[in-house]
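> File name query.cif; file contents mmCIF, N, CA and C atoms; full text below.
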data_query
#
loop_
_atom_site.label_atom_id
_atom_site.label_comp_id
_atom_site.auth_asym_id
_atom_site.auth_seq_id
_atom_site.Cartn_x
_atom_site.Cartn_y
_atom_site.Cartn_z
N TYR A 177 -32.22 -26.41 -24.30
CA TYR A 177 -33.52 -27.07 -24.39
C TYR A 177 -34.44 -26.33 -25.37
N MET A 178 -34.46 -25.01 -25.26
CA MET A 178 -35.35 -24.23 -26.13
C MET A 178 -34.95 -24.39 -27.60
N MET A 179 -33.64 -24.40 -27.88
CA MET A 179 -33.19 -24.55 -29.26
C MET A 179 -33.61 -25.92 -29.80
N GLN A 180 -33.46 -26.96 -28.99
CA GLN A 180 -33.84 -28.29 -29.44
C GLN A 180 -35.34 -28.40 -29.65
N ARG A 181 -36.08 -27.77 -28.77
CA ARG A 181 -37.54 -27.89 -28.84
C ARG A 181 -38.13 -27.10 -30.01
N PHE A 182 -37.74 -25.84 -30.14
CA PHE A 182 -38.38 -24.98 -31.14
C PHE A 182 -37.76 -25.08 -32.53
N LEU A 183 -36.49 -25.41 -32.62
CA LEU A 183 -35.86 -25.59 -33.93
C LEU A 183 -35.86 -27.04 -34.37
N ASN A 184 -36.33 -27.93 -33.50
CA ASN A 184 -36.44 -29.35 -33.80
C ASN A 184 -35.09 -29.95 -34.23
N ILE A 185 -34.05 -29.68 -33.45
CA ILE A 185 -32.75 -30.28 -33.71
C ILE A 185 -32.47 -31.31 -32.61
N PRO A 186 -31.79 -32.39 -32.94
CA PRO A 186 -31.58 -33.47 -31.96
C PRO A 186 -30.59 -33.13 -30.85
N ALA A 187 -29.63 -32.24 -31.12
CA ALA A 187 -28.62 -31.89 -30.12
C ALA A 187 -28.10 -30.49 -30.41
N THR A 188 -27.61 -29.85 -29.35
CA THR A 188 -27.07 -28.50 -29.49
C THR A 188 -25.55 -28.58 -29.56
N PRO A 189 -24.94 -28.12 -30.64
CA PRO A 189 -23.48 -28.14 -30.73
C PRO A 189 -22.88 -26.96 -29.98
N SER A 190 -21.72 -27.20 -29.39
CA SER A 190 -20.95 -26.11 -28.77
C SER A 190 -19.49 -26.53 -28.72
N TYR A 191 -18.63 -25.57 -28.41
CA TYR A 191 -17.19 -25.84 -28.33
C TYR A 191 -16.76 -25.78 -26.87
N VAL A 192 -16.16 -26.87 -26.39
CA VAL A 192 -15.63 -26.94 -25.02
C VAL A 192 -14.22 -27.50 -25.12
N GLY A 193 -13.24 -26.62 -24.97
CA GLY A 193 -11.84 -27.03 -25.11
C GLY A 193 -11.45 -28.16 -24.18
N ALA A 194 -11.93 -28.13 -22.94
CA ALA A 194 -11.59 -29.16 -21.96
C ALA A 194 -12.15 -30.53 -22.33
N ASP A 195 -13.18 -30.57 -23.15
CA ASP A 195 -13.78 -31.84 -23.59
C ASP A 195 -13.31 -32.26 -24.97
N GLY A 196 -12.29 -31.64 -25.49
CA GLY A 196 -11.72 -32.05 -26.77
C GLY A 196 -12.25 -31.30 -27.97
N GLY A 197 -13.00 -30.22 -27.78
CA GLY A 197 -13.49 -29.44 -28.91
C GLY A 197 -14.99 -29.44 -29.02
N LEU A 198 -15.49 -29.82 -30.19
CA LEU A 198 -16.93 -29.81 -30.45
C LEU A 198 -17.64 -30.88 -29.62
N VAL A 199 -18.71 -30.48 -28.93
CA VAL A 199 -19.54 -31.42 -28.17
C VAL A 199 -20.98 -31.25 -28.62
N LEU A 200 -21.77 -32.28 -28.40
CA LEU A 200 -23.20 -32.23 -28.70
C LEU A 200 -23.96 -32.48 -27.40
N ASP A 201 -24.79 -31.53 -27.01
CA ASP A 201 -25.60 -31.64 -25.79
C ASP A 201 -27.04 -31.94 -26.15
N ARG A 202 -27.64 -32.86 -25.42
CA ARG A 202 -29.02 -33.26 -25.66
C ARG A 202 -29.77 -33.26 -24.34
N VAL A 203 -30.90 -32.58 -24.29
CA VAL A 203 -31.77 -32.63 -23.12
C VAL A 203 -32.50 -33.96 -23.16
N VAL A 204 -32.33 -34.77 -22.12
CA VAL A 204 -32.98 -36.08 -22.10
C VAL A 204 -34.20 -36.10 -21.19
N ALA A 205 -34.30 -35.14 -20.26
CA ALA A 205 -35.47 -35.05 -19.40
C ALA A 205 -35.64 -33.62 -18.92
N ASN A 206 -36.88 -33.18 -18.89
CA ASN A 206 -37.20 -31.84 -18.41
C ASN A 206 -38.53 -31.93 -17.68
N ILE A 207 -38.49 -31.72 -16.36
CA ILE A 207 -39.71 -31.79 -15.57
C ILE A 207 -39.82 -30.52 -14.73
N GLY A 208 -41.01 -30.21 -14.32
CA GLY A 208 -41.18 -29.03 -13.48
C GLY A 208 -42.62 -28.72 -13.19
N GLY A 209 -42.78 -27.70 -12.36
CA GLY A 209 -44.09 -27.23 -11.97
C GLY A 209 -44.14 -25.72 -12.13
N ASN A 210 -45.04 -25.08 -11.39
CA ASN A 210 -45.20 -23.63 -11.48
C ASN A 210 -43.99 -22.86 -10.97
N HIS A 211 -43.34 -23.37 -9.93
CA HIS A 211 -42.25 -22.63 -9.30
C HIS A 211 -40.93 -23.38 -9.26
N TRP A 212 -40.82 -24.48 -9.99
CA TRP A 212 -39.57 -25.24 -10.01
C TRP A 212 -39.43 -25.98 -11.34
N TRP A 213 -38.20 -26.35 -11.66
CA TRP A 213 -37.94 -27.20 -12.82
C TRP A 213 -36.60 -27.92 -12.64
N HIS A 214 -36.45 -29.01 -13.35
CA HIS A 214 -35.20 -29.78 -13.35
C HIS A 214 -34.96 -30.28 -14.77
N THR A 215 -33.73 -30.15 -15.23
CA THR A 215 -33.34 -30.59 -16.57
C THR A 215 -32.14 -31.52 -16.47
N LEU A 216 -32.18 -32.64 -17.17
CA LEU A 216 -31.07 -33.59 -17.24
C LEU A 216 -30.57 -33.61 -18.68
N THR A 217 -29.25 -33.44 -18.85
CA THR A 217 -28.67 -33.39 -20.20
C THR A 217 -27.60 -34.47 -20.36
N LEU A 218 -27.39 -34.88 -21.59
CA LEU A 218 -26.36 -35.84 -21.95
C LEU A 218 -25.43 -35.16 -22.95
N ARG A 219 -24.12 -35.31 -22.75
CA ARG A 219 -23.13 -34.70 -23.65
C ARG A 219 -22.32 -35.77 -24.34
N LEU A 220 -22.17 -35.64 -25.65
CA LEU A 220 -21.30 -36.49 -26.45
C LEU A 220 -20.10 -35.67 -26.86
N ARG A 221 -18.92 -36.16 -26.58
CA ARG A 221 -17.68 -35.47 -26.99
C ARG A 221 -17.38 -35.85 -28.44
N ALA A 222 -18.06 -35.19 -29.36
CA ALA A 222 -18.03 -35.57 -30.77
C ALA A 222 -16.65 -35.43 -31.40
N GLN A 223 -15.97 -34.32 -31.17
CA GLN A 223 -14.66 -34.12 -31.80
C GLN A 223 -13.63 -35.08 -31.23
N ARG A 224 -13.70 -35.36 -29.93
CA ARG A 224 -12.78 -36.32 -29.32
C ARG A 224 -13.01 -37.70 -29.94
N ALA A 225 -14.27 -38.07 -30.15
CA ALA A 225 -14.59 -39.35 -30.77
C ALA A 225 -14.08 -39.39 -32.21
N TRP A 226 -14.31 -38.30 -32.95
CA TRP A 226 -13.89 -38.21 -34.35
C TRP A 226 -12.38 -38.36 -34.51
N ASN A 227 -11.62 -37.86 -33.53
CA ASN A 227 -10.16 -37.87 -33.61
C ASN A 227 -9.52 -39.18 -33.15
N THR A 228 -10.30 -40.18 -32.76
CA THR A 228 -9.71 -41.44 -32.31
C THR A 228 -9.30 -42.30 -33.50
N GLN A 229 -8.39 -43.22 -33.24
CA GLN A 229 -7.91 -44.11 -34.29
C GLN A 229 -9.02 -45.07 -34.75
N GLN A 230 -9.84 -45.55 -33.81
CA GLN A 230 -10.91 -46.48 -34.19
C GLN A 230 -11.89 -45.82 -35.16
N PHE A 231 -12.19 -44.54 -34.93
CA PHE A 231 -13.11 -43.83 -35.82
C PHE A 231 -12.49 -43.71 -37.21
N SER A 232 -11.19 -43.42 -37.26
CA SER A 232 -10.48 -43.31 -38.54
C SER A 232 -10.47 -44.63 -39.29
N GLU A 233 -10.46 -45.73 -38.56
CA GLU A 233 -10.42 -47.05 -39.17
C GLU A 233 -11.81 -47.55 -39.56
N GLY A 234 -12.83 -46.72 -39.42
CA GLY A 234 -14.18 -47.10 -39.80
C GLY A 234 -14.91 -47.93 -38.76
N LYS A 235 -14.54 -47.76 -37.49
CA LYS A 235 -15.19 -48.49 -36.41
C LYS A 235 -15.80 -47.52 -35.39
N PRO A 236 -16.73 -46.66 -35.85
CA PRO A 236 -17.29 -45.68 -34.91
C PRO A 236 -18.08 -46.31 -33.78
N HIS A 237 -18.63 -47.52 -33.99
CA HIS A 237 -19.40 -48.18 -32.94
C HIS A 237 -18.54 -48.48 -31.72
N GLN A 238 -17.24 -48.76 -31.92
CA GLN A 238 -16.35 -49.00 -30.80
C GLN A 238 -16.14 -47.73 -29.99
N VAL A 239 -15.98 -46.62 -30.68
CA VAL A 239 -15.76 -45.33 -30.01
C VAL A 239 -17.03 -44.89 -29.30
N LEU A 240 -18.16 -44.97 -29.98
CA LEU A 240 -19.42 -44.51 -29.40
C LEU A 240 -19.91 -45.41 -28.27
N GLY A 241 -19.36 -46.60 -28.16
CA GLY A 241 -19.68 -47.49 -27.05
C GLY A 241 -18.84 -47.24 -25.82
N ASP A 242 -17.87 -46.33 -25.92
CA ASP A 242 -16.98 -46.00 -24.79
C ASP A 242 -17.67 -44.99 -23.88
N PRO A 243 -17.94 -45.35 -22.62
CA PRO A 243 -18.66 -44.43 -21.72
C PRO A 243 -17.90 -43.14 -21.43
N SER A 244 -16.59 -43.10 -21.64
CA SER A 244 -15.84 -41.87 -21.37
C SER A 244 -16.13 -40.79 -22.41
N MET A 245 -16.80 -41.15 -23.50
CA MET A 245 -17.18 -40.15 -24.51
C MET A 245 -18.46 -39.39 -24.13
N TYR A 246 -19.07 -39.76 -23.00
CA TYR A 246 -20.35 -39.17 -22.60
C TYR A 246 -20.25 -38.53 -21.22
N ALA A 247 -21.08 -37.54 -20.97
CA ALA A 247 -21.19 -36.90 -19.66
C ALA A 247 -22.66 -36.62 -19.37
N LEU A 248 -22.99 -36.52 -18.09
CA LEU A 248 -24.34 -36.18 -17.65
C LEU A 248 -24.31 -34.85 -16.92
N GLY A 249 -25.33 -34.08 -17.10
CA GLY A 249 -25.45 -32.81 -16.37
C GLY A 249 -26.88 -32.59 -15.93
N GLY A 250 -27.03 -31.82 -14.89
CA GLY A 250 -28.36 -31.52 -14.40
C GLY A 250 -28.45 -30.11 -13.85
N ARG A 251 -29.59 -29.49 -14.03
CA ARG A 251 -29.86 -28.15 -13.49
C ARG A 251 -31.20 -28.19 -12.78
N PHE A 252 -31.25 -27.50 -11.63
CA PHE A 252 -32.47 -27.44 -10.84
C PHE A 252 -32.69 -25.99 -10.41
N ARG A 253 -33.92 -25.57 -10.42
CA ARG A 253 -34.27 -24.22 -9.97
C ARG A 253 -35.63 -24.28 -9.27
N ALA A 254 -35.69 -23.67 -8.08
CA ALA A 254 -36.94 -23.61 -7.33
C ALA A 254 -37.11 -22.21 -6.76
N GLY A 255 -38.28 -21.64 -6.94
CA GLY A 255 -38.59 -20.33 -6.39
C GLY A 255 -39.40 -20.47 -5.11
N PHE A 256 -38.91 -19.86 -4.04
CA PHE A 256 -39.59 -19.96 -2.74
C PHE A 256 -40.40 -18.71 -2.42
N ALA A 257 -39.94 -17.60 -2.90
CA ALA A 257 -40.64 -16.33 -2.70
C ALA A 257 -40.31 -15.46 -3.91
N ARG A 258 -40.82 -14.26 -3.93
CA ARG A 258 -40.59 -13.39 -5.08
C ARG A 258 -39.10 -13.12 -5.31
N SER A 259 -38.33 -13.02 -4.25
CA SER A 259 -36.91 -12.71 -4.40
C SER A 259 -35.99 -13.82 -3.88
N THR A 260 -36.51 -15.03 -3.63
CA THR A 260 -35.68 -16.13 -3.13
C THR A 260 -35.77 -17.30 -4.10
N VAL A 261 -34.62 -17.66 -4.65
CA VAL A 261 -34.54 -18.74 -5.63
C VAL A 261 -33.38 -19.65 -5.27
N LEU A 262 -33.61 -20.93 -5.30
CA LEU A 262 -32.56 -21.92 -5.10
C LEU A 262 -32.20 -22.48 -6.46
N LYS A 263 -30.90 -22.41 -6.79
CA LYS A 263 -30.41 -22.96 -8.06
C LYS A 263 -29.33 -23.99 -7.74
N ALA A 264 -29.32 -25.06 -8.48
CA ALA A 264 -28.29 -26.08 -8.32
C ALA A 264 -27.87 -26.58 -9.70
N PHE A 265 -26.60 -26.87 -9.82
CA PHE A 265 -26.03 -27.38 -11.06
C PHE A 265 -25.09 -28.51 -10.69
N GLY A 266 -25.14 -29.60 -11.41
CA GLY A 266 -24.23 -30.71 -11.17
C GLY A 266 -23.90 -31.42 -12.47
N GLU A 267 -22.71 -32.02 -12.49
CA GLU A 267 -22.35 -32.79 -13.69
C GLU A 267 -21.44 -33.94 -13.32
N LEU A 268 -21.56 -34.97 -14.09
CA LEU A 268 -20.69 -36.13 -14.03
C LEU A 268 -19.95 -36.10 -15.35
N GLY A 269 -18.68 -35.72 -15.31
CA GLY A 269 -17.91 -35.46 -16.52
C GLY A 269 -17.68 -36.65 -17.42
N SER A 270 -17.85 -37.85 -16.90
CA SER A 270 -17.69 -39.06 -17.71
C SER A 270 -18.58 -40.16 -17.14
N LEU A 271 -19.15 -40.95 -18.00
CA LEU A 271 -19.98 -42.08 -17.55
C LEU A 271 -19.15 -43.33 -17.27
N LYS A 272 -17.83 -43.26 -17.50
CA LYS A 272 -16.97 -44.43 -17.33
C LYS A 272 -17.03 -44.99 -15.91
N GLY A 273 -16.90 -44.14 -14.91
CA GLY A 273 -16.93 -44.61 -13.53
C GLY A 273 -18.30 -45.14 -13.13
N LEU A 274 -19.35 -44.47 -13.58
CA LEU A 274 -20.72 -44.90 -13.28
C LEU A 274 -21.01 -46.27 -13.89
N VAL A 275 -20.63 -46.46 -15.13
CA VAL A 275 -20.84 -47.75 -15.79
C VAL A 275 -20.03 -48.84 -15.08
N GLY A 276 -18.79 -48.51 -14.68
CA GLY A 276 -17.96 -49.48 -13.95
C GLY A 276 -18.59 -49.88 -12.62
N LYS A 277 -19.13 -48.90 -11.89
CA LYS A 277 -19.78 -49.21 -10.61
C LYS A 277 -21.04 -50.05 -10.81
N LEU A 278 -21.82 -49.74 -11.85
CA LEU A 278 -23.02 -50.53 -12.13
C LEU A 278 -22.66 -51.98 -12.50
N LYS A 279 -21.59 -52.16 -13.27
CA LYS A 279 -21.15 -53.52 -13.62
C LYS A 279 -20.70 -54.26 -12.37
N HIS A 280 -19.98 -53.55 -11.48
CA HIS A 280 -19.50 -54.17 -10.24
C HIS A 280 -20.69 -54.61 -9.39
N LEU A 281 -21.71 -53.75 -9.25
CA LEU A 281 -22.90 -54.11 -8.48
C LEU A 281 -23.65 -55.27 -9.12
N SER A 282 -23.73 -55.28 -10.43
CA SER A 282 -24.41 -56.35 -11.15
C SER A 282 -23.70 -57.69 -10.92
N ASN A 283 -22.37 -57.67 -10.97
CA ASN A 283 -21.60 -58.90 -10.75
C ASN A 283 -21.77 -59.41 -9.33
N ARG A 284 -21.88 -58.51 -8.34
CA ARG A 284 -22.06 -58.92 -6.95
C ARG A 284 -23.41 -59.60 -6.77
N LYS A 285 -24.43 -59.12 -7.47
CA LYS A 285 -25.76 -59.73 -7.35
C LYS A 285 -25.80 -61.11 -7.98
N ARG A 286 -25.08 -61.30 -9.07
CA ARG A 286 -25.08 -62.59 -9.76
C ARG A 286 -24.33 -63.65 -8.98
N ASP A 287 -23.21 -63.27 -8.36
CA ASP A 287 -22.36 -64.24 -7.67
C ASP A 287 -21.93 -63.68 -6.31
N PRO A 288 -22.80 -63.78 -5.29
CA PRO A 288 -22.48 -63.21 -3.98
C PRO A 288 -21.26 -63.85 -3.34
N ALA A 289 -21.00 -65.13 -3.60
CA ALA A 289 -19.84 -65.80 -3.00
C ALA A 289 -18.54 -65.19 -3.52
N ALA A 290 -18.50 -64.91 -4.80
CA ALA A 290 -17.29 -64.31 -5.38
C ALA A 290 -17.08 -62.90 -4.87
N ALA A 291 -18.17 -62.17 -4.65
CA ALA A 291 -18.06 -60.80 -4.15
C ALA A 291 -17.55 -60.77 -2.73
N ALA A 292 -17.87 -61.80 -1.96
CA ALA A 292 -17.45 -61.85 -0.57
C ALA A 292 -16.03 -62.38 -0.41
N ALA A 293 -15.48 -62.96 -1.44
CA ALA A 293 -14.13 -63.52 -1.36
C ALA A 293 -13.11 -62.43 -1.08
N VAL A 294 -12.06 -62.82 -0.40
CA VAL A 294 -11.01 -61.87 -0.03
C VAL A 294 -10.33 -61.28 -1.25
N ASN A 295 -10.15 -62.08 -2.27
CA ASN A 295 -9.45 -61.62 -3.47
C ASN A 295 -10.37 -60.97 -4.49
N ALA A 296 -11.60 -60.68 -4.12
CA ALA A 296 -12.53 -60.05 -5.06
C ALA A 296 -12.04 -58.66 -5.41
N PRO A 297 -12.13 -58.28 -6.69
CA PRO A 297 -11.67 -56.94 -7.08
C PRO A 297 -12.53 -55.86 -6.42
N ALA A 298 -11.88 -54.78 -6.07
CA ALA A 298 -12.58 -53.65 -5.46
C ALA A 298 -13.38 -52.91 -6.53
N ALA A 299 -14.35 -52.15 -6.08
CA ALA A 299 -15.14 -51.33 -7.00
C ALA A 299 -14.23 -50.32 -7.67
N PRO A 300 -14.48 -50.00 -8.92
CA PRO A 300 -13.65 -49.02 -9.61
C PRO A 300 -13.69 -47.67 -8.89
N THR A 301 -12.56 -46.96 -8.93
CA THR A 301 -12.51 -45.64 -8.32
C THR A 301 -12.78 -44.59 -9.39
N LEU A 302 -13.21 -43.42 -8.97
CA LEU A 302 -13.50 -42.33 -9.89
C LEU A 302 -12.30 -41.41 -10.00
N ASP A 303 -11.91 -41.08 -11.20
CA ASP A 303 -10.78 -40.20 -11.44
C ASP A 303 -11.17 -39.06 -12.35
N GLY A 304 -10.52 -37.91 -12.17
CA GLY A 304 -10.65 -36.77 -13.07
C GLY A 304 -12.07 -36.43 -13.47
N ASP A 305 -12.38 -36.61 -14.75
CA ASP A 305 -13.69 -36.28 -15.30
C ASP A 305 -14.81 -37.11 -14.68
N GLU A 306 -14.48 -38.24 -14.09
CA GLU A 306 -15.50 -39.13 -13.56
C GLU A 306 -16.05 -38.65 -12.22
N ARG A 307 -15.38 -37.71 -11.58
CA ARG A 307 -15.85 -37.21 -10.28
C ARG A 307 -16.99 -36.23 -10.47
N PRO A 308 -18.06 -36.43 -9.71
CA PRO A 308 -19.17 -35.48 -9.82
C PRO A 308 -18.77 -34.12 -9.27
N ARG A 309 -19.29 -33.07 -9.87
CA ARG A 309 -19.02 -31.71 -9.38
C ARG A 309 -20.25 -30.87 -9.59
N GLY A 310 -20.35 -29.81 -8.85
CA GLY A 310 -21.51 -28.94 -8.99
C GLY A 310 -21.48 -27.80 -8.00
N ARG A 311 -22.57 -27.05 -7.95
CA ARG A 311 -22.67 -25.93 -7.02
C ARG A 311 -24.15 -25.65 -6.74
N VAL A 312 -24.39 -25.04 -5.60
CA VAL A 312 -25.73 -24.67 -5.18
C VAL A 312 -25.70 -23.20 -4.82
N MET A 313 -26.71 -22.44 -5.27
CA MET A 313 -26.80 -21.01 -4.96
C MET A 313 -28.20 -20.70 -4.44
N LEU A 314 -28.26 -19.79 -3.50
CA LEU A 314 -29.54 -19.35 -2.96
C LEU A 314 -29.67 -17.85 -3.14
#
Can the structure in the file be given as structure tokens, please?

Amino acid sequence: YMMQRFLNIPATPSYVGADGGLVLDRVVANIGGNHWWHTLTLRLRAQRAWNTQQFSEGKPHQVLGDPSMYALGGRFRAGFARSTVLKAFGELGSLKGLVGKLKHLSNRKRDPAAAAAVNAPAAPTLDGDERPRGRVML
């Protein structure tokens, strides 16, 4: 966040082997008070996107429209006393499952009869990177 704010750059580059190499992180929200703060970040898997066949064929819009190329992260910190601090970190490694669930909910609202039908497709399940993970420390 500090690098983006003071150097006026749109995203912070870093290397994450598990995400396919070069990634770009962008702080999308930062709120807080005197003794607490919360930051929400968005990650683009830039090198993974660059290495796809669609990108090579000159169709980057197809790749960048794929929710699996993005991840969400959040950090929270609250101070309760001089020596007591609560920290939390969480991430959703891929937006693919979240987008699928939102589409499923949207379809149910549009056509409740189809959603109630026995043969209606089940909500998408979360796999691998799509599972939320995090930790809390006190």
> What is the CA of Arg309 in chain A to CA of Thr217 in chain A distance in Å?
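Distance between the two atoms: 14.6 Å.
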> Select, from A:Arg219, A:His211, A:Val192, A:His237, the residue with the minimum atom-to-atom distance to Thr260 in chain A, counting only C-alpha atoms.
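With only C-alpha atoms as the atom set, the closest residue is A:His211.
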> Write out as a list in words the residues lying within 6 Å of Tyr246 in chain A, counting all atoms listed in the file and excluding same-chain residues fewer than 6 positions away.
Arg219, Leu220, Arg221, Gly269, Ser270 and Leu271 of chain A
> In Å, with one decimal, what is the gap from atom C of Arg224 in chain A to atom C of Leu200 in chain A?
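Pair atom C of Arg224 in chain A / atom C of Leu200 in chain A returns 12.4 Å.
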> Choose the residue, out of A:Leu218, A:Ala225, A:Leu183, A:Val312, that has the smallest atom-to-atom separation from Ala264 in chain A; count all atoms listed in the file.
A:Val312
> Place a sphere of radius 12 Å on (-23.2, -40.4, -18.7) in the file coordinates and name every protein, DNA or RNA residue with an atom inside or on its surface, counting only C-alpha atoms; give the answer as an MDAnalysis selection string.
chainID A and resid 201:202 204 216:221 241:250 267:276 305:308
> Could you save those same residues with N, CA and C atoms as a CSV table (one decimal), in the coordinates of the input?

chain,number,residue,atom,x,y,z
A,201,ASP,N,-24.8,-31.5,-27.0
A,201,ASP,CA,-25.6,-31.6,-25.8
A,201,ASP,C,-27.0,-31.9,-26.2
A,202,ARG,N,-27.6,-32.9,-25.4
A,202,ARG,CA,-29.0,-33.3,-25.7
A,202,ARG,C,-29.8,-33.3,-24.3
A,204,VAL,N,-32.3,-34.8,-22.1
A,204,VAL,CA,-33.0,-36.1,-22.1
A,204,VAL,C,-34.2,-36.1,-21.2
A,216,LEU,N,-32.2,-32.6,-17.2
A,216,LEU,CA,-31.1,-33.6,-17.2
A,216,LEU,C,-30.6,-33.6,-18.7
A,217,THR,N,-29.2,-33.4,-18.8
A,217,THR,CA,-28.7,-33.4,-20.2
A,217,THR,C,-27.6,-34.5,-20.4
A,218,LEU,N,-27.4,-34.9,-21.6
A,218,LEU,CA,-26.4,-35.8,-22.0
A,218,LEU,C,-25.4,-35.2,-23.0
A,219,ARG,N,-24.1,-35.3,-22.8
A,219,ARG,CA,-23.1,-34.7,-23.6
A,219,ARG,C,-22.3,-35.8,-24.3
A,220,LEU,N,-22.2,-35.6,-25.6
A,220,LEU,CA,-21.3,-36.5,-26.4
A,220,LEU,C,-20.1,-35.7,-26.9
A,221,ARG,N,-18.9,-36.2,-26.6
A,221,ARG,CA,-17.7,-35.5,-27.0
A,221,ARG,C,-17.4,-35.8,-28.4
A,241,GLY,N,-19.4,-46.6,-28.2
A,241,GLY,CA,-19.7,-47.5,-27.0
A,241,GLY,C,-18.8,-47.2,-25.8
A,242,ASP,N,-17.9,-46.3,-25.9
A,242,ASP,CA,-17.0,-46.0,-24.8
A,242,ASP,C,-17.7,-45.0,-23.9
A,243,PRO,N,-17.9,-45.4,-22.6
A,243,PRO,CA,-18.7,-44.4,-21.7
A,243,PRO,C,-17.9,-43.1,-21.4
A,244,SER,N,-16.6,-43.1,-21.6
A,244,SER,CA,-15.8,-41.9,-21.4
A,244,SER,C,-16.1,-40.8,-22.4
A,245,MET,N,-16.8,-41.2,-23.5
A,245,MET,CA,-17.2,-40.2,-24.5
A,245,MET,C,-18.5,-39.4,-24.1
A,246,TYR,N,-19.1,-39.8,-23.0
A,246,TYR,CA,-20.4,-39.2,-22.6
A,246,TYR,C,-20.2,-38.5,-21.2
A,247,ALA,N,-21.1,-37.5,-21.0
A,247,ALA,CA,-21.2,-36.9,-19.7
A,247,ALA,C,-22.7,-36.6,-19.4
A,248,LEU,N,-23.0,-36.5,-18.1
A,248,LEU,CA,-24.3,-36.2,-17.6
A,248,LEU,C,-24.3,-34.8,-16.9
A,249,GLY,N,-25.3,-34.1,-17.1
A,249,GLY,CA,-25.4,-32.8,-16.4
A,249,GLY,C,-26.9,-32.6,-15.9
A,250,GLY,N,-27.0,-31.8,-14.9
A,250,GLY,CA,-28.4,-31.5,-14.4
A,250,GLY,C,-28.4,-30.1,-13.8
A,267,GLU,N,-22.7,-32.0,-12.5
A,267,GLU,CA,-22.4,-32.8,-13.7
A,267,GLU,C,-21.4,-33.9,-13.3
A,268,LEU,N,-21.6,-35.0,-14.1
A,268,LEU,CA,-20.7,-36.1,-14.0
A,268,LEU,C,-20.0,-36.1,-15.4
A,269,GLY,N,-18.7,-35.7,-15.3
A,269,GLY,CA,-17.9,-35.5,-16.5
A,269,GLY,C,-17.7,-36.6,-17.4
A,270,SER,N,-17.8,-37.8,-16.9
A,270,SER,CA,-17.7,-39.1,-17.7
A,270,SER,C,-18.6,-40.2,-17.1
A,271,LEU,N,-19.2,-41.0,-18.0
A,271,LEU,CA,-20.0,-42.1,-17.6
A,271,LEU,C,-19.2,-43.3,-17.3
A,272,LYS,N,-17.8,-43.3,-17.5
A,272,LYS,CA,-17.0,-44.4,-17.3
A,272,LYS,C,-17.0,-45.0,-15.9
A,273,GLY,N,-16.9,-44.1,-14.9
A,273,GLY,CA,-16.9,-44.6,-13.5
A,273,GLY,C,-18.3,-45.1,-13.1
A,274,LEU,N,-19.4,-44.5,-13.6
A,274,LEU,CA,-20.7,-44.9,-13.3
A,274,LEU,C,-21.0,-46.3,-13.9
A,275,VAL,N,-20.6,-46.5,-15.1
A,275,VAL,CA,-20.8,-47.8,-15.8
A,275,VAL,C,-20.0,-48.8,-15.1
A,276,GLY,N,-18.8,-48.5,-14.7
A,276,GLY,CA,-18.0,-49.5,-14.0
A,276,GLY,C,-18.6,-49.9,-12.6
A,305,ASP,N,-12.4,-36.6,-14.8
A,305,ASP,CA,-13.7,-36.3,-15.3
A,305,ASP,C,-14.8,-37.1,-14.7
A,306,GLU,N,-14.5,-38.2,-14.1
A,306,GLU,CA,-15.5,-39.1,-13.6
A,306,GLU,C,-16.0,-38.6,-12.2
A,307,ARG,N,-15.4,-37.7,-11.6
A,307,ARG,CA,-15.8,-37.2,-10.3
A,307,ARG,C,-17.0,-36.2,-10.5
A,308,PRO,N,-18.1,-36.4,-9.7
A,308,PRO,CA,-19.2,-35.5,-9.8
A,308,PRO,C,-18.8,-34.1,-9.3
> In Å, with one decimal, what is the gap from atom N of Gly266 in chain A to atom N of Gly208 in chain A?
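Computing the Euclidean distance for atom N of Gly266 in chain A and atom N of Gly208 in chain A yields 16.1 Å.
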> From the options A:Ser190, A:Ile185, A:Gln223, A:Trp212, which residue's atoms come nearest to Ala257 in chain A, counting only C-alpha atoms?
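Residue with the minimum atom-to-atom distance to Ala257 in chain A: A:Trp212.
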> Determine which residues of range 192-223 of chain A receive a DSSP assignment of helix (DSSP H, G or I), computed from the backbone, and state them as a PyMOL selection string.
chain A and resi 193-195+222-223
> Which one of A:Arg253, A:Lys285, A:Lys235, A:Arg311 sits closest to Phe265 in chain A if you count all atoms listed in the file?
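Closest residue, counting all atoms listed in the file: A:Arg311.
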> Which one is closest to Arg181 in chain A: A:Val203, A:Ala194, A:Ala254, A:Ala222? Count only C-alpha atoms.
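Selected residue with least distance to Arg181 in chain A: A:Val203.
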> Would you compute the box with edges along x, y and z of the file around range 266-278 of chain A, including every atom the file lists for it and 8 Å extra on each side, and give its centre and edge lengths in Å to one decimal, as JSON?

{"center_x": -21.0, "center_y": -40.8, "center_z": -14.3, "size_x": 24.2, "size_y": 38.4, "size_z": 23.4}
